[in-house]
file my_file.txt (compact mmCIF, C-alpha atoms)
# COMPACT_ATOMS: atom_id res chain seq x y z
CA MET A 638 0.00 0.00 0.00
CA ASN A 639 1.09 3.47 -0.77
CA PRO A 640 2.82 4.90 2.39
CA ILE A 641 0.86 8.14 2.17
CA ARG A 642 -2.41 6.25 1.90
CA ARG A 643 -1.42 4.09 4.92
CA VAL A 644 -0.82 7.16 7.12
CA VAL A 645 -4.14 8.67 6.14
CA SER A 646 -5.94 5.41 7.02
CA VAL A 647 -4.37 5.24 10.48
CA VAL A 648 -5.31 8.84 11.23
CA CYS A 649 -8.90 8.22 10.19
CA CYS A 650 -9.17 5.12 12.34
CA LEU A 651 -7.88 6.96 15.39
CA ALA A 652 -10.33 9.81 14.87
CA ILE A 653 -13.27 7.45 14.52
CA GLY A 654 -12.23 5.51 17.66
CA SER A 655 -11.92 8.71 19.70
CA ALA A 656 -15.37 9.87 18.63
CA LEU A 657 -16.89 6.55 19.61
CA ALA A 658 -15.26 6.69 23.05
CA VAL A 659 -16.70 10.15 23.71
CA ALA A 660 -20.15 9.12 22.50
CA CYS A 661 -20.20 6.27 25.06
CA GLY A 662 -19.57 8.61 27.98
CA GLY A 663 -15.86 8.06 28.19
CA SER A 664 -13.03 10.54 28.25
CA ASN A 665 -11.49 12.45 25.44
CA SER A 666 -8.63 13.59 27.66
CA ASP A 667 -5.11 13.98 26.53
CA ASP A 668 -2.23 11.94 27.91
CA SER A 669 -2.37 13.85 31.22
CA GLY A 670 -5.97 12.81 31.92
CA SER A 671 -6.78 16.39 32.82
CA THR A 672 -10.16 16.65 31.06
CA ALA A 673 -13.01 14.87 32.83
CA GLY A 674 -15.53 12.66 31.05
CA ALA A 675 -19.26 13.06 31.37
CA PRO A 676 -20.49 11.91 34.81
CA GLY A 677 -22.53 8.75 35.02
CA ASP A 678 -25.30 7.93 37.50
CA ALA A 679 -23.71 8.25 40.96
CA GLY A 680 -22.88 4.93 42.44
CA ALA A 681 -25.05 3.13 39.92
CA GLY A 682 -22.45 1.70 37.60
CA PRO A 683 -20.73 -1.57 38.32
CA VAL A 684 -17.08 -1.66 39.17
CA ALA A 685 -15.03 -2.09 36.05
CA THR A 686 -12.28 -4.63 36.15
CA ALA A 687 -9.91 -4.32 33.27
CA GLY A 688 -9.86 -1.87 30.40
CA SER A 689 -9.66 -3.04 26.88
CA THR A 690 -8.60 0.30 25.51
CA GLY A 691 -6.18 1.48 28.17
CA HIS A 692 -4.18 4.34 26.72
CA GLY A 693 -2.72 5.18 30.09
CA GLY A 694 -3.30 8.89 29.67
CA GLU A 695 -7.07 8.48 29.73
CA THR A 696 -7.12 8.37 33.48
CA GLY A 697 -7.50 10.94 36.24
CA THR A 698 -9.58 11.30 39.38
CA ALA A 699 -12.30 13.33 37.66
CA GLY A 700 -14.62 12.29 34.88
CA SER A 701 -17.36 9.79 34.91
CA VAL A 702 -15.60 7.43 37.24
CA ALA A 703 -15.77 10.00 40.04
CA SER A 704 -19.47 9.40 40.31
CA GLY A 705 -19.13 5.72 39.91
CA GLY A 706 -20.59 5.68 36.40
CA GLU A 707 -19.90 3.03 33.83
CA THR A 708 -17.71 4.86 31.33
CA MET A 709 -14.67 4.46 29.22
CA MET A 710 -12.68 6.22 31.94
CA THR A 711 -12.92 3.11 34.06
CA ASP A 712 -11.69 0.92 31.25
CA ALA A 713 -8.91 3.35 30.52
CA GLY A 714 -7.81 3.34 34.09
CA ALA A 715 -7.42 -0.39 34.18
CA GLY A 716 -4.88 -0.15 31.48
CA GLY A 717 -3.19 2.85 32.97
CA ALA A 718 -0.08 0.97 33.86
CA ALA A 719 0.87 0.88 30.23
CA GLY A 720 0.73 4.65 29.72
CA SER A 721 2.84 7.50 30.92
CA SER A 722 0.12 9.01 33.10
CA GLY A 723 -2.39 6.24 33.41
CA ASP A 724 -1.70 4.80 36.80
CA ALA A 725 -3.82 3.61 39.66
CA THR A 726 -5.14 7.12 40.16
CA GLY A 727 -7.32 6.76 37.10
CA GLY A 728 -7.93 3.06 37.33
CA THR A 729 -10.60 1.20 39.21
CA THR A 730 -8.92 2.15 42.47
CA MET A 731 -9.84 5.83 42.29
CA GLY A 732 -11.94 6.03 39.12
CA GLY A 733 -14.22 3.05 39.38
CA SER A 734 -17.52 2.82 41.21
CA THR A 735 -15.62 2.27 44.42
CA ALA A 736 -13.81 5.61 44.28
CA MET A 737 -14.49 8.79 46.24
CA GLY A 738 -18.07 9.08 44.99
CA GLY A 739 -18.94 5.40 44.92
CA SER A 740 -20.82 3.25 47.36
CA THR A 741 -17.77 1.91 49.15
CA ALA A 742 -14.19 2.98 49.97
CA MET A 743 -13.93 6.58 51.22
CA GLY A 744 -17.49 7.49 50.26
CA GLY A 745 -19.09 4.18 50.98
CA THR A 746 -19.90 2.09 53.98
CA THR A 747 -16.27 1.76 55.03
CA MET A 748 -15.84 5.31 56.36
CA GLY A 749 -19.30 6.64 56.85
CA GLY A 750 -22.28 5.40 54.96
CA SER A 751 -23.46 6.73 51.65
CA THR A 752 -21.17 9.78 51.39
CA ALA A 753 -17.53 10.41 52.20
CA MET A 754 -16.78 11.57 55.77
CA GLY A 755 -20.47 12.29 56.32
CA GLY A 756 -22.06 8.92 56.70
CA SER A 757 -24.07 7.49 59.51
CA THR A 758 -21.08 6.19 61.42
CA ALA A 759 -17.40 6.96 61.99
CA MET A 760 -16.53 10.68 61.88
CA GLY A 761 -19.91 11.92 60.66
CA GLY A 762 -22.16 9.61 62.60
CA ALA A 763 -24.00 9.88 65.90
CA MET A 764 -21.16 8.56 67.99
CA SER A 765 -18.66 10.29 70.24
CA MET A 766 -17.41 12.88 67.75
CA GLY A 767 -20.80 14.13 66.58
CA GLY A 768 -23.40 12.66 68.91
CA ALA A 769 -24.68 13.37 72.40
CA PRO A 770 -22.10 14.57 74.95
CA ALA A 771 -20.49 11.94 77.13
CA THR A 772 -21.81 11.45 80.67
CA ALA A 773 -19.68 11.79 83.79
CA CYS A 774 -18.95 8.08 83.80
CA THR A 775 -19.80 4.91 81.94
CA GLY A 776 -18.08 2.41 84.21
CA ASP A 777 -16.01 2.16 87.38
CA GLY A 778 -12.82 2.45 85.37
CA THR A 779 -13.70 6.01 84.35
CA CYS A 780 -14.05 7.34 87.92
CA PRO A 781 -11.33 9.00 90.05
CA MET A 782 -10.04 8.17 93.52
CA GLY A 783 -12.42 9.19 96.28
CA THR A 784 -15.47 8.41 94.16
CA PRO A 785 -14.29 5.23 92.39
CA TYR A 786 -17.67 3.69 91.49
CA CYS A 787 -20.00 4.61 88.65
CA ASP A 788 -23.73 4.92 89.27
CA THR A 789 -24.89 4.01 85.78
CA THR A 790 -28.42 5.21 86.58
CA THR A 791 -27.30 8.82 86.96
CA GLY A 792 -24.00 8.58 85.09
CA LYS A 793 -22.11 10.03 88.07
CA CYS A 794 -19.14 8.80 90.09
CA ILE A 795 -19.96 7.91 93.69
CA GLU A 796 -18.15 6.83 96.84
CA CYS A 797 -20.00 3.59 97.38
CA LYS A 798 -22.66 1.22 96.07
CA GLY A 799 -22.86 -0.88 99.23
CA ASP A 800 -21.29 -1.42 102.66
CA ALA A 801 -18.52 -3.54 101.16
CA ASN A 802 -17.20 -0.46 99.34
CA CYS A 803 -16.75 1.40 102.66
CA ALA A 804 -14.33 -1.05 104.28
CA GLY A 805 -11.40 1.00 105.58
CA SER A 806 -13.02 4.34 104.75
CA THR A 807 -12.29 7.17 107.18
CA HIS A 808 -15.83 8.49 106.60
CA GLY A 809 -17.54 5.42 107.99
CA ALA A 810 -18.10 1.72 107.43
CA PHE A 811 -21.63 1.90 106.03
CA CYS A 812 -22.98 3.11 102.70
CA ASN A 813 -25.86 5.58 102.66
CA LEU A 814 -27.76 4.33 99.63
CA THR A 815 -29.45 7.71 99.15
CA THR A 816 -26.31 9.83 99.00
CA HIS A 817 -24.01 6.94 98.01
CA SER A 818 -21.45 8.07 100.60
CA CYS A 819 -19.70 6.21 103.43
CA VAL A 820 -21.08 7.21 106.84
CA ARG A 821 -20.84 6.22 110.49
CA CYS A 822 -24.29 4.71 110.55
CA THR A 823 -27.54 4.32 108.66
CA ALA A 824 -29.44 2.52 111.43
CA SER A 825 -29.21 2.27 115.24
CA ALA A 826 -28.29 -1.42 115.02
CA GLN A 827 -24.89 -0.31 113.68
CA CYS A 828 -24.09 1.78 116.80
CA THR A 829 -22.31 0.80 120.04
CA THR A 830 -23.64 0.81 123.57
CA ALA A 831 -21.84 4.08 124.34
CA ASN A 832 -23.82 5.88 121.62
CA PRO A 833 -26.61 3.45 120.76
CA TYR A 834 -28.78 5.53 118.44
CA CYS A 835 -28.21 6.62 114.85
CA ASP A 836 -29.06 10.23 114.08
CA THR A 837 -29.91 9.82 110.41
CA ALA A 838 -29.77 13.58 109.85
CA THR A 839 -26.02 13.54 110.49
CA SER A 840 -25.39 9.77 110.06
CA THR A 841 -23.66 9.64 113.45
CA CYS A 842 -24.25 7.54 116.56
CA VAL A 843 -25.54 9.54 119.56
CA LYS A 844 -26.66 8.96 123.13
CA CYS A 845 -30.30 9.83 122.54
CA LEU A 846 -32.85 10.88 119.97
CA ALA A 847 -35.78 11.46 122.32
CA ASP A 848 -36.61 11.66 126.05
CA ALA A 849 -37.59 7.99 125.97
CA ASN A 850 -33.93 7.12 125.36
CA CYS A 851 -32.92 8.69 128.71
CA ALA A 852 -33.51 7.90 132.39
CA ALA A 853 -36.78 8.85 134.07
CA ASP A 854 -35.40 12.08 135.56
CA GLN A 855 -33.59 13.12 132.38
CA LYS A 856 -34.37 14.74 129.08
CA CYS A 857 -32.72 14.39 125.69
CA ASN A 858 -30.96 17.56 124.60
CA LEU A 859 -31.92 17.61 120.95
CA THR A 860 -28.98 19.86 120.07
CA THR A 861 -26.20 17.80 121.61
CA HIS A 862 -28.18 14.50 121.70
CA ALA A 863 -27.01 13.99 125.28
CA CYS A 864 -29.18 12.98 128.22
CA VAL A 865 -29.39 15.89 130.67
CA ALA A 866 -31.15 16.49 133.95
CA ALA A 867 -34.73 17.63 133.74
CA CYS A 868 -35.27 21.09 135.11
CA THR A 869 -37.71 23.45 136.71
CA ALA A 870 -37.59 27.24 136.53
CA ASP A 871 -35.24 27.48 139.53
CA SER A 872 -33.09 24.36 139.19
CA CYS A 873 -30.56 25.50 136.54
CA GLY A 874 -27.27 27.40 136.94
CA GLY A 875 -23.67 27.67 135.84
CA ALA A 876 -23.02 27.47 132.08
CA THR A 877 -26.67 26.45 131.46
CA PRO A 878 -28.65 28.81 133.67
CA TYR A 879 -32.02 28.66 131.89
CA CYS A 880 -34.68 25.97 131.87
CA GLY A 881 -35.49 25.52 128.23
CA PRO A 882 -38.80 24.76 126.51
CA SER A 883 -37.95 21.05 126.48
CA MET A 884 -37.55 21.17 130.27
CA TYR A 885 -33.79 20.77 130.47
CA CYS A 886 -31.15 23.39 131.32
CA VAL A 887 -29.82 25.43 128.41
CA GLU A 888 -27.33 28.21 127.74
CA CYS A 889 -29.83 30.76 126.43
CA LEU A 890 -33.45 31.40 125.63
CA ALA A 891 -32.97 34.57 123.54
CA ASN A 892 -30.22 36.77 122.10
CA GLY A 893 -30.30 38.90 125.23
CA ASN A 894 -28.93 35.95 127.21
CA CYS A 895 -25.74 35.95 125.08
CA GLN A 896 -22.83 38.37 124.70
CA SER A 897 -20.97 39.46 121.58
CA PRO A 898 -19.17 38.10 119.66
CA GLN A 899 -21.37 35.13 120.55
CA GLY A 900 -24.44 37.26 120.86
CA THR A 901 -26.91 35.11 118.93
CA CYS A 902 -29.03 32.42 120.59
CA THR A 903 -29.43 29.48 118.21
CA ASN A 904 -31.18 26.30 119.42
CA ASN A 905 -30.67 27.49 123.01
CA VAL A 906 -26.92 27.81 122.47
CA CYS A 907 -25.01 31.10 122.22
CA SER A 908 -23.51 31.25 118.75
CA CYS A 909 -21.38 33.67 116.76
CA ASP A 910 -22.80 36.94 115.53
CA PRO A 911 -23.81 37.10 111.85
CA GLY A 912 -20.77 37.46 109.59
CA THR A 913 -18.47 35.64 111.99
CA THR A 914 -17.48 31.98 112.38
CA MET A 915 -16.51 29.96 115.44
CA CYS A 916 -12.89 28.81 115.16
CA GLY A 917 -11.00 26.67 117.65
CA GLY A 918 -7.29 26.30 118.29
CA LEU A 919 -4.99 28.44 120.41
CA ILE A 920 -6.70 31.58 119.17
CA GLY A 921 -10.33 30.45 119.30
CA GLY A 922 -13.59 32.34 119.20
CA CYS A 923 -15.78 34.05 116.64
CA PHE A 924 -13.93 35.64 113.71
CA ASN A 925 -14.72 37.39 110.47
CA LEU A 926 -12.97 35.12 107.97
CA GLN A 927 -12.95 37.93 105.40
CA THR A 928 -10.77 40.25 107.47
CA ASN A 929 -9.08 38.34 110.32
CA ALA A 930 -5.37 37.75 109.72
CA GLN A 931 -5.30 34.69 112.02
CA HIS A 932 -8.24 33.02 110.29
CA CYS A 933 -8.21 34.42 106.77
CA GLY A 934 -10.68 32.71 104.43
CA ALA A 935 -10.87 29.65 106.70
CA CYS A 936 -10.31 28.81 110.35
CA GLY A 937 -6.60 28.36 111.10
CA THR A 938 -5.32 30.04 107.90
CA ALA A 939 -2.94 32.69 109.26
CA CYS A 940 -1.39 35.44 107.17
CA GLY A 941 2.35 36.13 107.22
CA ALA A 942 4.11 38.79 109.26
CA GLY A 943 2.82 42.22 108.35
CA GLN A 944 0.16 40.90 106.01
CA THR A 945 -3.49 41.86 106.11
CA CYS A 946 -6.58 39.83 105.29
CA ALA A 947 -8.93 41.34 102.73
CA ALA A 948 -11.84 39.53 101.10
CA GLY A 949 -10.64 36.30 102.69
CA LYS A 950 -7.15 36.50 101.16
CA CYS A 951 -3.81 37.45 102.69
CA GLY A 952 -1.94 40.36 101.17
CA CYS A 953 0.43 43.18 101.93
CA PRO A 954 -0.67 46.73 102.81
CA GLY A 955 0.54 49.69 100.83
CA GLY A 956 0.89 47.65 97.64
CA GLY A 957 3.79 45.61 99.05
CA LEU A 958 5.08 42.20 97.96
CA ALA A 959 4.66 39.07 100.08
CA CYS A 960 8.08 37.42 99.85
CA THR A 961 9.77 34.62 101.77
CA LEU A 962 13.40 34.82 102.85
CA GLY A 963 15.52 34.00 99.82
CA GLY A 964 12.42 33.30 97.76
CA GLY A 965 12.13 29.77 99.17
CA PRO A 966 9.39 28.16 101.24
CA GLY A 967 8.37 29.67 104.53
CA ILE A 968 6.13 32.34 106.00
CA ALA A 969 6.02 35.38 103.73
CA GLN A 970 6.73 38.90 104.91
CA CYS A 971 5.82 42.17 103.26
CA TYR A 972 8.30 44.31 101.34
CA ASP A 973 7.96 47.44 99.23
CA GLY A 974 8.75 46.09 95.78
CA SER A 975 9.09 49.60 94.37
CA SER A 976 12.08 50.46 96.55
CA ASN A 977 13.40 47.45 98.52
CA PRO A 978 16.89 46.60 97.19
CA GLN A 979 16.49 42.90 98.13
CA HIS A 980 13.13 42.55 96.38
CA CYS A 981 13.30 45.22 93.71
CA GLY A 982 10.33 44.86 91.38
CA ALA A 983 9.85 41.19 92.28
CA CYS A 984 10.50 38.83 95.17
CA GLY A 985 14.17 37.77 95.33
CA THR A 986 15.38 40.33 92.77
CA ALA A 987 18.32 41.90 94.65
CA CYS A 988 20.25 44.92 93.45
CA ALA A 989 24.00 44.46 93.13
CA GLY A 990 26.68 46.23 95.13
CA ASP A 991 25.71 49.78 96.05
CA GLN A 992 22.86 50.02 93.55
CA THR A 993 19.65 51.64 94.71
CA CYS A 994 16.11 50.49 93.95
CA GLN A 995 13.83 53.12 92.48
CA ALA A 996 10.40 52.54 90.91
CA GLY A 997 10.99 48.78 91.03
CA LYS A 998 14.30 48.88 89.11
CA CYS A 999 17.90 48.63 90.21
CA GLN A 1000 20.03 51.62 89.22
CA ASN A 1001 23.56 52.86 89.68
CA GLY A 1002 24.01 55.93 91.80
CA GLY A 1003 21.70 57.67 94.23
CA CYS A 1004 17.99 58.43 94.16
CA THR A 1005 16.51 60.99 91.80
CA GLY A 1006 13.32 62.99 91.47
CA GLY A 1007 13.36 64.26 95.03
CA LEU A 1008 13.13 60.77 96.55
CA ARG A 1009 14.98 60.02 99.74
CA GLU A 1010 17.44 57.16 100.05
CA CYS A 1011 16.73 54.81 102.94
CA ASN A 1012 19.23 51.94 103.01
CA ARG A 1013 19.46 51.96 99.17
CA ALA A 1014 15.67 52.28 98.88
CA CYS A 1015 14.41 55.36 97.04
CA VAL A 1016 11.18 56.47 98.75
CA ASP A 1017 8.78 59.35 99.21
CA VAL A 1018 8.56 59.64 102.98
CA GLN A 1019 5.37 61.64 102.64
CA THR A 1020 3.37 58.70 101.27
CA ASP A 1021 5.45 55.52 101.66
CA PHE A 1022 3.76 52.98 103.96
CA TYR A 1023 7.10 51.38 104.84
CA HIS A 1024 9.03 54.65 105.34
CA CYS A 1025 6.41 57.09 106.53
CA GLY A 1026 7.89 60.44 107.61
CA ASN A 1027 11.30 58.85 108.08
CA CYS A 1028 13.33 55.83 107.02
CA ASN A 1029 12.05 52.46 108.30
CA ARG A 1030 9.03 54.00 110.04
CA ARG A 1031 6.33 51.55 109.05
CA CYS A 1032 2.63 52.15 109.55
CA ASN A 1033 0.28 49.63 111.14
CA VAL A 1034 -1.57 47.28 108.85
CA ASN A 1035 -4.79 49.25 109.17
CA GLN A 1036 -3.16 52.62 108.48
CA ALA A 1037 -1.96 54.64 105.49
CA CYS A 1038 0.86 57.18 105.20
CA VAL A 1039 -0.58 60.65 104.65
CA ALA A 1040 1.67 63.73 104.58
CA GLY A 1041 4.41 61.83 106.38
CA ALA A 1042 2.16 60.53 109.16
CA CYS A 1043 0.48 57.15 109.66
CA LYS A 1044 -3.24 57.61 109.90

call {"tool": "encode", "arguments": {"input": "my_file.txt", "output": "structure tokens"}}
result
Amino acid sequence: MNPIRRVVSVVCCLAIGSALAVACGGSNSDDSGSTAGAPGDAGAGPVATAGSTGHGGETGTAGSVASGGETMMTDAGAGGAAGSSGDATGGTTMGGSTAMGGSTAMGGTTMGGSTAMGGSTAMGGAMSMGGAPATACTGDGTCPMGTPYCDTTTGKCIECKGDANCAGSTHGAFCNLTTHSCVRCTASAQCTTANPYCDTATSTCVKCLADANCAADQKCNLTTHACVAACTADSCGGATPYCGPSMYCVECLANGNCQSPQGTCTNNVCSCDPGTTMCGGLIGGCFNLQTNAQHCGACGTACGAGQTCAAGKCGCPGGGLACTLGGGPGIAQCYDGSSNPQHCGACGTACAGDQTCQAGKCQNGGCTGGLRECNRACVDVQTDFYHCGNCNRRCNVNQACVAGACK
């Protein structure tokens, strides 16, 4: 055959084959597979196996295979290994009905149902990542020390489910099944002969709950749950000088029978005035926990030397710093951080040599701006709480320095 005629025949055949491939819904892409074919019905086409026309370049992630359609793109992808660009990306792996838009793989039942990343399970489902919030506990293994058991009815961690869980507990050997906490008793049968009755209000064993629990000439003090002598109007004295309404001797009948700071009569006992709390210890009595430096915020919480208690927290007057010696552990003392050369600007920041501390910074030379030098501290003696009127003249914690005088 004439060579020219042979070339023309080959070109015609290729053109006709390309047109047929396009007409069937396939791809007319170039060797890079960059042009997508017409999309098929999503997820409806069967998975192609091997391509009979694989040109290699007729691949790519787009085209009809992206929707899972039955197109020439699928066939082309199967033969992709033979072409320069036709690899697994355009084959049945990514371009068949199992690819990103198909019914399986990333968009199918494997990762989340009918659509990629948004199916009924996994990341888009109604489980932990996108469902209802988790409860406090789902089992004993999810609960912390102190409340190691899970009450699956309420989804909360509790101290006990039964008496066996309270063995060795410092709170008590019995489990209160209402509060799920270990207590001293839940019934009188659990108490000893010394305190034979269980006060269920406090879950403690007491001497009596009613007059019937005491001797014939005694009454049950319902505040202390102790058996006390019955009284008449003239038979009481000492610390309990009044015959109470329950016919036993009591400390008070009204506020007028008490004295401040325990000036309030509560349940026939003199109690602390409103705003104060009874604290024991070496310094016991009624204290305002918001302002008392020995019981600041809580009974027994003492502030450091020179500190004040304000709003239940210890602090230094005059804007001072609470610093320990050397910055280590110990009871803090108050220093003027704006001028103290050992705590200049911050606790433990000491100025070197003969430097002075002014406005919270170490500096070479003497004080400036009309400030007076007091042991390398640059201060205004007219207003400085720690050097009021003169060096080292400190005001009391409840005072301020005004015009060089503590007031």

call {"tool": "closest_residue", "arguments": {"input": "my_file.txt", "among": "A:Asp871, A:Asp991, A:Asp1021, A:Asp854", "to": "Gly1041 in chain A", "atoms": "only C-alpha atoms"}}
result
A:Asp1021

call {"tool": "closest_residue", "arguments": {"input": "my_file.txt", "among": "A:Asn1035, A:Thr816, A:Thr823, A:Thr861", "to": "Ala930 in chain A", "atoms": "all atoms listed in the file"}}
result
A:Asn1035

call {"tool": "residues_near_point", "arguments": {"input": "my_file.txt", "point": "(-35.3, 11.2, 116.7)", "cutoff": "7 Å", "atoms": "only C-alpha atoms", "output": "list in words"}}
result
Asp836, Leu846 and Ala847 of chain A

call {"tool": "atom_distance", "arguments": {"input": "my_file.txt", "atom1": "CA of Leu958 in chain A", "atom2": "CA of Gly1003 in chain A"}}
result
23.0 Å

call {"tool": "residues_near_point", "arguments": {"input": "my_file.txt", "point": "(-19.5, 13.2, 88.0)", "cutoff": "10 Å", "atoms": "only C-alpha atoms", "output": "list in words"}}
result
Thr772, Ala773, Cys774, Thr779, Cys780, Pro781, Thr784, Cys787, Asp788, Thr791, Gly792, Lys793, Cys794 and Ile795 of chain A

call {"tool": "atom_distance", "arguments": {"input": "my_file.txt", "atom1": "CA of Ser897 in chain A", "atom2": "CA of His862 in chain A"}}
result
26.0 Å

call {"tool": "residues_around", "arguments": {"input": "my_file.txt", "residues": "Gly1002 in chain A", "least_positions_apart": "5", "cutoff": "12 Å", "atoms": "only C-alpha atoms", "output": "ChimeraX atom specification"}}
result
/A:988-995,1010,1013-1015

call {"tool": "write_last_selection", "arguments": {"input": "my_file.txt", "atoms": "C-alpha atoms", "output": "PDB file, in the frame of the given file"}}
result
ATOM      1  CA  CYS A 988      20.250  44.920  93.450  1.00  0.00           C
ATOM      2  CA  ALA A 989      24.000  44.460  93.130  1.00  0.00           C
ATOM      3  CA  GLY A 990      26.680  46.230  95.130  1.00  0.00           C
ATOM      4  CA  ASP A 991      25.710  49.780  96.050  1.00  0.00           C
ATOM      5  CA  GLN A 992      22.860  50.020  93.550  1.00  0.00           C
ATOM      6  CA  THR A 993      19.650  51.640  94.710  1.00  0.00           C
ATOM      7  CA  CYS A 994      16.110  50.490  93.950  1.00  0.00           C
ATOM      8  CA  GLN A 995      13.830  53.120  92.480  1.00  0.00           C
ATOM      9  CA  GLU A1010      17.440  57.160 100.050  1.00  0.00           C
ATOM     10  CA  ARG A1013      19.460  51.960  99.170  1.00  0.00           C
ATOM     11  CA  ALA A1014      15.670  52.280  98.880  1.00  0.00           C
ATOM     12  CA  CYS A1015      14.410  55.360  97.040  1.00  0.00           C
TER      13      CYS A1015
END

call {"tool": "residues_around", "arguments": {"input": "my_file.txt", "residues": "Asp1017 in chain A", "least_positions_apart": "2", "cutoff": "10 Å", "atoms": "all atoms listed in the file", "output": "list of chain:residue names"}}
result
A:Ser976, A:Gly1006, A:Gly1007, A:Leu1008, A:Arg1009, A:Glu1010, A:Cys1011, A:Ala1014, A:Cys1015, A:Gln1019, A:Thr1020, A:Asp1021, A:Phe1022, A:Tyr1023, A:His1024, A:Cys1025, A:Gly1026, A:Asn1027, A:Cys1028, A:Ala1040, A:Gly1041

call {"tool": "residues_around", "arguments": {"input": "my_file.txt", "residues": "Asn802 in chain A", "least_positions_apart": "2", "cutoff": "10 Å", "atoms": "all atoms listed in the file", "output": "NGL selection string"}}
result
:A and (785-786 or 796-800 or 804-806 or 810-812 or 818-819)

call {"tool": "write_last_selection", "arguments": {"input": "my_file.txt", "atoms": "C-alpha atoms", "output": "mmCIF file, keeping the file's coordinate frame"}}
result
data_model
loop_
_atom_site.group_PDB
_atom_site.id
_atom_site.type_symbol
_atom_site.label_atom_id
_atom_site.label_comp_id
_atom_site.auth_asym_id
_atom_site.auth_seq_id
_atom_site.Cartn_x
_atom_site.Cartn_y
_atom_site.Cartn_z
ATOM 1 C CA PRO A 785 -14.290 5.230 92.390
ATOM 2 C CA TYR A 786 -17.670 3.690 91.490
ATOM 3 C CA GLU A 796 -18.150 6.830 96.840
ATOM 4 C CA CYS A 797 -20.000 3.590 97.380
ATOM 5 C CA LYS A 798 -22.660 1.220 96.070
ATOM 6 C CA GLY A 799 -22.860 -0.880 99.230
ATOM 7 C CA ASP A 800 -21.290 -1.420 102.660
ATOM 8 C CA ALA A 804 -14.330 -1.050 104.280
ATOM 9 C CA GLY A 805 -11.400 1.000 105.580
ATOM 10 C CA SER A 806 -13.020 4.340 104.750
ATOM 11 C CA ALA A 810 -18.100 1.720 107.430
ATOM 12 C CA PHE A 811 -21.630 1.900 106.030
ATOM 13 C CA CYS A 812 -22.980 3.110 102.700
ATOM 14 C CA SER A 818 -21.450 8.070 100.600
ATOM 15 C CA CYS A 819 -19.700 6.210 103.430
#

call {"tool": "closest_residue", "arguments": {"input": "my_file.txt", "among": "A:Asn905, A:Thr830, A:Gln899, A:Gln855", "to": "Pro878 in chain A", "atoms": "all atoms listed in the file"}}
result
A:Asn905

call {"tool": "atom_distance", "arguments": {"input": "my_file.txt", "atom1": "CA of Ala876 in chain A", "atom2": "CA of Thr903 in chain A"}}
result
15.4 Å

call {"tool": "closest_residue", "arguments": {"input": "my_file.txt", "among": "A:Val1018, A:Cys864, A:Cys960, A:Ala939", "to": "Ala1037 in chain A", "atoms": "all atoms listed in the file"}}
result
A:Val1018

call {"tool": "decode", "arguments": {"input": "my_file.txt", "residues": "range 1022-1033 of chain A", "atoms": "N, CA and C atoms", "output": "PDB file, in the first residue's frame"}}
result
ATOM      1  N   PHE A1022       4.263  53.732 102.813  1.00  0.00           N
ATOM      2  CA  PHE A1022       3.762  52.981 103.960  1.00  0.00           C
ATOM      3  C   PHE A1022       4.906  52.424 104.801  1.00  0.00           C
ATOM      4  N   TYR A1023       6.006  52.039 104.153  1.00  0.00           N
ATOM      5  CA  TYR A1023       7.104  51.381 104.844  1.00  0.00           C
ATOM      6  C   TYR A1023       8.159  52.363 105.355  1.00  0.00           C
ATOM      7  N   HIS A1024       8.096  53.595 104.909  1.00  0.00           N
ATOM      8  CA  HIS A1024       9.026  54.646 105.345  1.00  0.00           C
ATOM      9  C   HIS A1024       8.227  55.939 105.471  1.00  0.00           C
ATOM     10  N   CYS A1025       7.343  55.966 106.413  1.00  0.00           N
ATOM     11  CA  CYS A1025       6.408  57.086 106.533  1.00  0.00           C
ATOM     12  C   CYS A1025       6.977  58.180 107.442  1.00  0.00           C
ATOM     13  N   GLY A1026       7.343  59.318 106.842  1.00  0.00           N
ATOM     14  CA  GLY A1026       7.889  60.439 107.607  1.00  0.00           C
ATOM     15  C   GLY A1026       9.371  60.313 107.844  1.00  0.00           C
ATOM     16  N   ASN A1027       9.875  59.088 107.842  1.00  0.00           N
ATOM     17  CA  ASN A1027      11.298  58.853 108.078  1.00  0.00           C
ATOM     18  C   ASN A1027      11.637  57.429 107.616  1.00  0.00           C
ATOM     19  N   CYS A1028      12.913  57.160 107.465  1.00  0.00           N
ATOM     20  CA  CYS A1028      13.328  55.831 107.022  1.00  0.00           C
ATOM     21  C   CYS A1028      12.916  54.759 108.031  1.00  0.00           C
ATOM     22  N   ASN A1029      12.399  53.646 107.510  1.00  0.00           N
ATOM     23  CA  ASN A1029      12.049  52.459 108.297  1.00  0.00           C
ATOM     24  C   ASN A1029      10.940  52.710 109.317  1.00  0.00           C
ATOM     25  N   ARG A1030      10.173  53.766 109.157  1.00  0.00           N
ATOM     26  CA  ARG A1030       9.026  53.999 110.041  1.00  0.00           C
ATOM     27  C   ARG A1030       7.796  53.435 109.333  1.00  0.00           C
ATOM     28  N   ARG A1031       7.421  52.273 109.731  1.00  0.00           N
ATOM     29  CA  ARG A1031       6.334  51.550 109.053  1.00  0.00           C
ATOM     30  C   ARG A1031       5.006  51.757 109.766  1.00  0.00           C
ATOM     31  N   CYS A1032       3.958  51.972 108.976  1.00  0.00           N
ATOM     32  CA  CYS A1032       2.632  52.154 109.545  1.00  0.00           C
ATOM     33  C   CYS A1032       2.038  50.815 109.959  1.00  0.00           C
ATOM     34  N   ASN A1033       1.003  50.838 110.768  1.00  0.00           N
ATOM     35  CA  ASN A1033       0.283  49.629 111.144  1.00  0.00           C
ATOM     36  C   ASN A1033      -0.547  49.147 109.960  1.00  0.00           C
TER      37      ASN A1033
END
